[in-house]
$ cat target_16.cif   # mmCIF, N, CA and C atoms and all ligand atoms
data_upload
loop_
_atom_site.label_atom_id
_atom_site.label_comp_id
_atom_site.auth_asym_id
_atom_site.auth_seq_id
_atom_site.Cartn_x
_atom_site.Cartn_y
_atom_site.Cartn_z
N MET L 30 101.46 139.25 -84.30
CA MET L 30 100.97 138.25 -83.33
C MET L 30 101.95 138.10 -82.19
N ARG L 31 103.25 137.99 -82.50
CA ARG L 31 104.28 137.84 -81.49
C ARG L 31 104.32 139.06 -80.54
N SER L 32 104.08 140.22 -81.09
CA SER L 32 104.15 141.43 -80.25
C SER L 32 103.00 141.46 -79.23
N LEU L 33 101.87 140.89 -79.58
CA LEU L 33 100.73 140.85 -78.65
C LEU L 33 101.09 139.99 -77.43
N ILE L 34 101.77 138.84 -77.64
CA ILE L 34 102.17 137.98 -76.52
C ILE L 34 103.10 138.73 -75.57
N TRP L 35 104.03 139.49 -76.08
CA TRP L 35 104.96 140.25 -75.23
C TRP L 35 104.21 141.29 -74.41
N VAL L 36 103.21 141.89 -74.98
CA VAL L 36 102.44 142.91 -74.24
C VAL L 36 101.71 142.26 -73.07
N LEU L 37 101.11 141.09 -73.30
CA LEU L 37 100.38 140.40 -72.23
C LEU L 37 101.32 139.95 -71.12
N THR L 38 102.48 139.40 -71.47
CA THR L 38 103.46 138.96 -70.48
C THR L 38 103.91 140.13 -69.60
N GLY L 39 104.12 141.28 -70.24
CA GLY L 39 104.54 142.46 -69.49
C GLY L 39 103.48 142.89 -68.50
N ALA L 40 102.23 142.78 -68.85
CA ALA L 40 101.14 143.19 -67.96
C ALA L 40 101.10 142.29 -66.71
N VAL L 41 101.33 140.98 -66.88
CA VAL L 41 101.33 140.06 -65.75
C VAL L 41 102.49 140.37 -64.81
N LEU L 42 103.67 140.64 -65.35
CA LEU L 42 104.83 140.91 -64.51
C LEU L 42 104.65 142.18 -63.68
N VAL L 43 103.98 143.16 -64.22
CA VAL L 43 103.76 144.41 -63.50
C VAL L 43 102.74 144.21 -62.38
N ALA L 44 101.72 143.40 -62.65
CA ALA L 44 100.63 143.25 -61.69
C ALA L 44 101.01 142.38 -60.49
N THR L 45 101.92 141.44 -60.64
CA THR L 45 102.23 140.47 -59.59
C THR L 45 102.70 141.10 -58.26
N PRO L 46 103.67 142.04 -58.26
CA PRO L 46 104.13 142.58 -56.96
C PRO L 46 103.04 143.31 -56.19
N ILE L 47 102.09 143.90 -56.86
CA ILE L 47 101.02 144.65 -56.17
C ILE L 47 100.14 143.68 -55.38
N VAL L 48 99.82 142.53 -55.97
CA VAL L 48 98.97 141.55 -55.30
C VAL L 48 99.66 140.98 -54.07
N SER L 49 100.94 140.60 -54.18
CA SER L 49 101.62 139.98 -53.05
C SER L 49 101.81 140.95 -51.90
N ALA L 50 101.95 142.24 -52.16
CA ALA L 50 102.10 143.22 -51.09
C ALA L 50 100.82 143.33 -50.27
N ALA L 51 99.67 143.17 -50.90
CA ALA L 51 98.40 143.33 -50.21
C ALA L 51 98.10 142.13 -49.30
N VAL L 52 98.71 140.97 -49.54
CA VAL L 52 98.42 139.76 -48.78
C VAL L 52 99.09 139.78 -47.40
N SER L 53 100.19 140.52 -47.27
CA SER L 53 100.94 140.54 -46.01
C SER L 53 100.09 141.15 -44.89
N VAL L 54 99.80 140.34 -43.84
CA VAL L 54 98.98 140.81 -42.70
C VAL L 54 99.77 140.59 -41.43
N ARG L 55 99.77 141.57 -40.56
CA ARG L 55 100.52 141.48 -39.31
C ARG L 55 99.67 140.81 -38.22
N GLU L 56 100.19 139.83 -37.52
CA GLU L 56 99.44 139.15 -36.44
C GLU L 56 99.42 140.04 -35.19
N PRO L 57 98.29 140.08 -34.49
CA PRO L 57 98.28 140.86 -33.23
C PRO L 57 99.13 140.16 -32.16
N PRO L 58 99.69 140.89 -31.21
CA PRO L 58 100.49 140.26 -30.16
C PRO L 58 99.63 139.37 -29.27
N LEU L 59 100.17 138.28 -28.76
CA LEU L 59 99.41 137.37 -27.89
C LEU L 59 99.18 138.02 -26.52
N MET L 60 98.03 137.77 -25.95
CA MET L 60 97.69 138.32 -24.62
C MET L 60 97.64 137.17 -23.62
N LEU L 61 98.78 136.65 -23.25
CA LEU L 61 98.82 135.49 -22.37
C LEU L 61 98.43 135.84 -20.94
N ALA L 62 98.82 137.01 -20.49
CA ALA L 62 98.64 137.36 -19.07
C ALA L 62 97.16 137.47 -18.69
N GLN L 63 96.30 137.83 -19.64
CA GLN L 63 94.91 138.12 -19.28
C GLN L 63 94.14 136.89 -18.80
N ASN L 64 94.46 135.71 -19.34
CA ASN L 64 93.71 134.51 -18.97
C ASN L 64 94.42 133.70 -17.88
N ALA L 65 95.53 134.18 -17.38
CA ALA L 65 96.32 133.39 -16.44
C ALA L 65 95.74 133.41 -15.02
N GLN L 66 94.93 134.41 -14.70
CA GLN L 66 94.42 134.51 -13.33
C GLN L 66 93.37 133.44 -13.05
N ALA L 67 93.40 132.86 -11.86
CA ALA L 67 92.41 131.87 -11.46
C ALA L 67 91.09 132.58 -11.17
N THR L 68 90.00 132.00 -11.65
CA THR L 68 88.70 132.60 -11.39
C THR L 68 87.93 131.69 -10.43
N ALA L 69 87.27 132.29 -9.45
CA ALA L 69 86.49 131.51 -8.49
C ALA L 69 85.24 130.96 -9.17
N SER L 70 84.89 129.71 -8.87
CA SER L 70 83.70 129.11 -9.45
C SER L 70 82.47 129.69 -8.76
N PRO L 71 81.42 130.00 -9.52
CA PRO L 71 80.21 130.57 -8.91
C PRO L 71 79.45 129.51 -8.10
N MET L 72 78.73 129.97 -7.06
CA MET L 72 77.90 129.07 -6.25
C MET L 72 76.59 128.81 -7.00
N VAL L 73 76.19 127.54 -7.02
CA VAL L 73 75.03 127.11 -7.78
C VAL L 73 74.06 126.41 -6.83
N ASN L 74 72.76 126.56 -7.05
CA ASN L 74 71.75 125.87 -6.24
C ASN L 74 71.70 124.38 -6.56
N GLY L 75 71.56 123.58 -5.52
CA GLY L 75 71.46 122.14 -5.73
C GLY L 75 70.70 121.49 -4.59
N GLU L 76 70.41 120.20 -4.77
CA GLU L 76 69.74 119.42 -3.74
C GLU L 76 70.42 118.06 -3.66
N VAL L 77 70.70 117.63 -2.43
CA VAL L 77 71.41 116.36 -2.24
C VAL L 77 70.45 115.20 -2.48
N ARG L 78 70.86 114.28 -3.35
CA ARG L 78 70.04 113.10 -3.64
C ARG L 78 70.62 111.85 -2.99
N LYS L 79 71.95 111.81 -2.87
CA LYS L 79 72.58 110.63 -2.29
C LYS L 79 73.98 110.98 -1.83
N VAL L 80 74.37 110.48 -0.67
CA VAL L 80 75.72 110.72 -0.15
C VAL L 80 76.44 109.37 -0.07
N ASP L 81 77.60 109.28 -0.69
CA ASP L 81 78.40 108.05 -0.66
C ASP L 81 79.75 108.38 -0.03
N LYS L 82 79.80 108.25 1.32
CA LYS L 82 81.02 108.64 2.03
C LYS L 82 82.19 107.73 1.68
N GLY L 83 81.89 106.43 1.49
CA GLY L 83 82.97 105.49 1.17
C GLY L 83 83.71 105.85 -0.11
N ALA L 84 82.96 106.30 -1.13
CA ALA L 84 83.56 106.63 -2.42
C ALA L 84 83.94 108.11 -2.52
N GLY L 85 83.54 108.90 -1.50
CA GLY L 85 83.82 110.34 -1.57
C GLY L 85 83.01 111.01 -2.66
N LYS L 86 81.77 110.54 -2.84
CA LYS L 86 80.94 111.08 -3.92
C LYS L 86 79.57 111.49 -3.40
N VAL L 87 78.97 112.42 -4.12
CA VAL L 87 77.64 112.87 -3.77
C VAL L 87 76.82 113.04 -5.05
N THR L 88 75.56 112.60 -5.00
CA THR L 88 74.66 112.80 -6.14
C THR L 88 73.86 114.06 -5.88
N LEU L 89 73.92 114.99 -6.81
CA LEU L 89 73.23 116.27 -6.67
C LEU L 89 72.31 116.52 -7.83
N LYS L 90 71.12 117.07 -7.51
CA LYS L 90 70.27 117.66 -8.54
C LYS L 90 70.67 119.12 -8.56
N HIS L 91 71.17 119.60 -9.68
CA HIS L 91 71.72 120.96 -9.68
C HIS L 91 71.14 121.83 -10.78
N ASP L 92 71.16 123.15 -10.53
CA ASP L 92 70.83 124.13 -11.56
C ASP L 92 72.00 124.21 -12.54
N ALA L 93 71.84 125.04 -13.56
CA ALA L 93 72.91 125.22 -14.56
C ALA L 93 74.20 125.69 -13.88
N ILE L 94 75.32 125.15 -14.33
CA ILE L 94 76.63 125.51 -13.80
C ILE L 94 77.38 126.25 -14.91
N PRO L 95 77.40 127.60 -14.84
CA PRO L 95 77.93 128.38 -15.96
C PRO L 95 79.41 128.11 -16.25
N ASN L 96 80.23 127.91 -15.20
CA ASN L 96 81.67 127.73 -15.46
C ASN L 96 81.98 126.37 -16.08
N LEU L 97 81.05 125.41 -15.97
CA LEU L 97 81.24 124.11 -16.61
C LEU L 97 80.41 123.98 -17.88
N ASP L 98 79.65 125.05 -18.20
CA ASP L 98 78.80 125.05 -19.38
C ASP L 98 77.82 123.88 -19.35
N MET L 99 77.23 123.67 -18.16
CA MET L 99 76.38 122.49 -17.95
C MET L 99 74.96 122.93 -17.59
N PRO L 100 73.96 122.35 -18.23
CA PRO L 100 72.58 122.67 -17.86
C PRO L 100 72.20 121.98 -16.55
N GLY L 101 71.03 122.30 -16.02
CA GLY L 101 70.57 121.64 -14.80
C GLY L 101 70.33 120.16 -15.03
N MET L 102 70.69 119.32 -14.03
CA MET L 102 70.51 117.86 -14.14
C MET L 102 70.78 117.22 -12.78
N THR L 103 70.62 115.92 -12.71
CA THR L 103 71.01 115.15 -11.53
C THR L 103 72.21 114.30 -11.91
N MET L 104 73.26 114.38 -11.12
CA MET L 104 74.49 113.67 -11.47
C MET L 104 75.37 113.45 -10.25
N VAL L 105 76.39 112.64 -10.41
CA VAL L 105 77.33 112.33 -9.32
C VAL L 105 78.56 113.23 -9.43
N PHE L 106 78.97 113.80 -8.30
CA PHE L 106 80.20 114.57 -8.21
C PHE L 106 81.14 113.91 -7.21
N GLN L 107 82.42 114.08 -7.42
CA GLN L 107 83.38 113.81 -6.35
C GLN L 107 83.46 115.06 -5.49
N VAL L 108 83.93 114.92 -4.27
CA VAL L 108 84.11 116.09 -3.42
C VAL L 108 85.59 116.31 -3.16
N LYS L 109 85.95 117.58 -3.03
CA LYS L 109 87.35 117.96 -2.83
C LYS L 109 87.85 117.40 -1.51
N ASP L 110 86.99 117.48 -0.46
CA ASP L 110 87.37 117.04 0.88
C ASP L 110 86.26 116.10 1.39
N PRO L 111 86.57 114.85 1.72
CA PRO L 111 85.53 113.91 2.18
C PRO L 111 84.75 114.42 3.40
N ALA L 112 85.36 115.31 4.20
CA ALA L 112 84.67 115.87 5.37
C ALA L 112 83.45 116.68 4.97
N MET L 113 83.42 117.16 3.75
CA MET L 113 82.24 117.88 3.26
C MET L 113 80.99 117.02 3.35
N LEU L 114 81.16 115.72 3.16
CA LEU L 114 80.01 114.81 3.13
C LEU L 114 79.39 114.63 4.51
N ASP L 115 80.17 114.86 5.58
CA ASP L 115 79.64 114.73 6.94
C ASP L 115 78.53 115.74 7.20
N ARG L 116 78.57 116.86 6.49
CA ARG L 116 77.59 117.93 6.71
C ARG L 116 76.37 117.79 5.82
N LEU L 117 76.37 116.78 4.94
CA LEU L 117 75.28 116.68 3.96
C LEU L 117 74.45 115.42 4.19
N LYS L 118 73.17 115.54 3.93
CA LYS L 118 72.31 114.36 3.94
C LYS L 118 71.26 114.49 2.84
N GLU L 119 70.67 113.36 2.51
CA GLU L 119 69.68 113.33 1.44
C GLU L 119 68.58 114.35 1.68
N GLY L 120 68.24 115.10 0.65
CA GLY L 120 67.17 116.09 0.75
C GLY L 120 67.63 117.48 1.10
N ASP L 121 68.91 117.65 1.53
CA ASP L 121 69.43 118.98 1.87
C ASP L 121 69.43 119.89 0.64
N LYS L 122 68.99 121.13 0.86
CA LYS L 122 69.14 122.17 -0.17
C LYS L 122 70.50 122.82 0.06
N ILE L 123 71.25 122.95 -1.01
CA ILE L 123 72.60 123.48 -0.87
C ILE L 123 72.91 124.53 -1.93
N LYS L 124 73.98 125.26 -1.67
CA LYS L 124 74.65 126.04 -2.71
C LYS L 124 76.05 125.45 -2.80
N PHE L 125 76.50 125.21 -4.02
CA PHE L 125 77.82 124.59 -4.15
C PHE L 125 78.56 125.15 -5.35
N ALA L 126 79.87 124.98 -5.30
CA ALA L 126 80.72 125.35 -6.43
C ALA L 126 81.38 124.07 -6.93
N ALA L 127 81.43 123.93 -8.25
CA ALA L 127 82.06 122.74 -8.84
C ALA L 127 83.05 123.18 -9.90
N ASP L 128 84.07 122.35 -10.09
CA ASP L 128 85.09 122.66 -11.10
C ASP L 128 85.59 121.35 -11.70
N LYS L 129 86.18 121.46 -12.86
CA LYS L 129 86.75 120.29 -13.52
C LYS L 129 88.24 120.27 -13.19
N ILE L 130 88.67 119.24 -12.44
CA ILE L 130 90.06 119.14 -12.03
C ILE L 130 90.61 117.80 -12.53
N ASP L 131 91.62 117.86 -13.38
CA ASP L 131 92.19 116.65 -13.99
C ASP L 131 91.11 115.78 -14.65
N GLY L 132 90.14 116.42 -15.28
CA GLY L 132 89.12 115.69 -16.02
C GLY L 132 87.95 115.22 -15.17
N ALA L 133 88.03 115.36 -13.83
CA ALA L 133 86.93 114.92 -12.96
C ALA L 133 86.15 116.13 -12.47
N LEU L 134 84.84 115.95 -12.32
CA LEU L 134 84.01 117.03 -11.81
C LEU L 134 84.00 116.96 -10.29
N ILE L 135 84.48 118.02 -9.65
CA ILE L 135 84.71 118.03 -8.21
C ILE L 135 83.91 119.16 -7.58
N VAL L 136 83.21 118.84 -6.46
CA VAL L 136 82.59 119.89 -5.66
C VAL L 136 83.69 120.51 -4.81
N THR L 137 83.94 121.80 -5.02
CA THR L 137 85.03 122.46 -4.31
C THR L 137 84.56 123.23 -3.10
N ASP L 138 83.25 123.54 -3.02
CA ASP L 138 82.74 124.30 -1.89
C ASP L 138 81.25 123.96 -1.76
N VAL L 139 80.75 123.89 -0.53
CA VAL L 139 79.33 123.60 -0.36
C VAL L 139 78.81 124.28 0.90
N GLN L 140 77.59 124.83 0.81
CA GLN L 140 76.90 125.42 1.95
C GLN L 140 75.48 124.91 1.96
N THR L 141 74.98 124.52 3.12
CA THR L 141 73.57 124.14 3.20
C THR L 141 72.75 125.42 3.33
N THR L 142 71.59 125.44 2.71
CA THR L 142 70.70 126.60 2.79
C THR L 142 69.41 126.18 3.46
N LYS L 143 68.72 127.13 4.07
CA LYS L 143 67.48 126.81 4.77
C LYS L 143 66.31 126.91 3.79
CU CU A 1 75.59 118.15 -14.22
#

$ encode --input "target_16.cif" --output "structure tokens" --more "lines below"
Ligand SMILES: [Cu+2]
Amino acid sequence: MRSLIWVLTGAVLVATPIVSAAVSVREPPLMLAQNAQATASPMVNGEVRKVDKGAGKVTLKHDAIPNLDMPGMTMVFQVKDPAMLDRLKEGDKIKFAADKIDGALIVTDVQTTK
């Protein structure tokens, strides 16, 4: 009976190093440089619903904005430059670019379309 226990103990000791060697996995190197470049926001179709020059805000009905992962909707944006609002009026069809800057959604570029 005692000899059987020794045989089993020996089998466990032999098997252990093989298992631990298989667990060691090498991590791939980090690719920090690839995501560091700034990407331009795509131009999206929209329509001006309301211009608030005092607050520097504009309400836009917009198509999906891929860089913000946002579906089409009507919402308020801040504008990067208040002078942008001088060129806009209710009902204008526009193409615009928007980005999230410090947690706020900002219109960074706008063009009126005919
Ligand atoms: Cu939106």

$ closest_atom_pairs --input "target_16.cif" --of "chain L" --to "ligand CU 1 (chain A)" --cutoff "6 Å" --atoms "all atoms listed in the file" --output "Markdown table"
| residue | atom | partner | partner_atom | distance |
| --- | --- | --- | --- | --- |
| L:Met99 | CA | A:CU1 | CU | 5.8 |
| L:Pro100 | C | A:CU1 | CU | 5.6 |
| L:Gly101 | C | A:CU1 | CU | 5.7 |
| L:Met102 | N | A:CU1 | CU | 5.0 |
| L:Thr103 | C | A:CU1 | CU | 5.6 |
| L:Met104 | CA | A:CU1 | CU | 5.4 |

$ atom_distance --input "target_16.cif" --atom1 "atom C of Ala126 of chain L" --atom2 "atom N of Ala93 of chain L"
11.7 Å

$ closest_residue --input "target_16.cif" --among "L:Val87, L:Asn74, L:Thr137, L:Asp128" --to "Lys109 of chain L" --atoms "only N, CA and C atoms"
L:Thr137

$ atom_distance --input "target_16.cif" --atom1 "atom CA of Asp115 of chain L" --atom2 "atom CA of Pro95 of chain L"
26.7 Å

$ residues_around --input "target_16.cif" --residues "Leu114 of chain L" --least-positions-apart "5" --cutoff "8 Å" --atoms "all atoms listed in the file" --output "list in words"
Val80, Asp81, Lys82, Gly85, Lys86, Val87 and Val108 of chain L

$ select_by_dssp --input "target_16.cif" --residues "segment 93-141 of chain L" --states "strand (DSSP E or B)" --output "count of residues only"
27
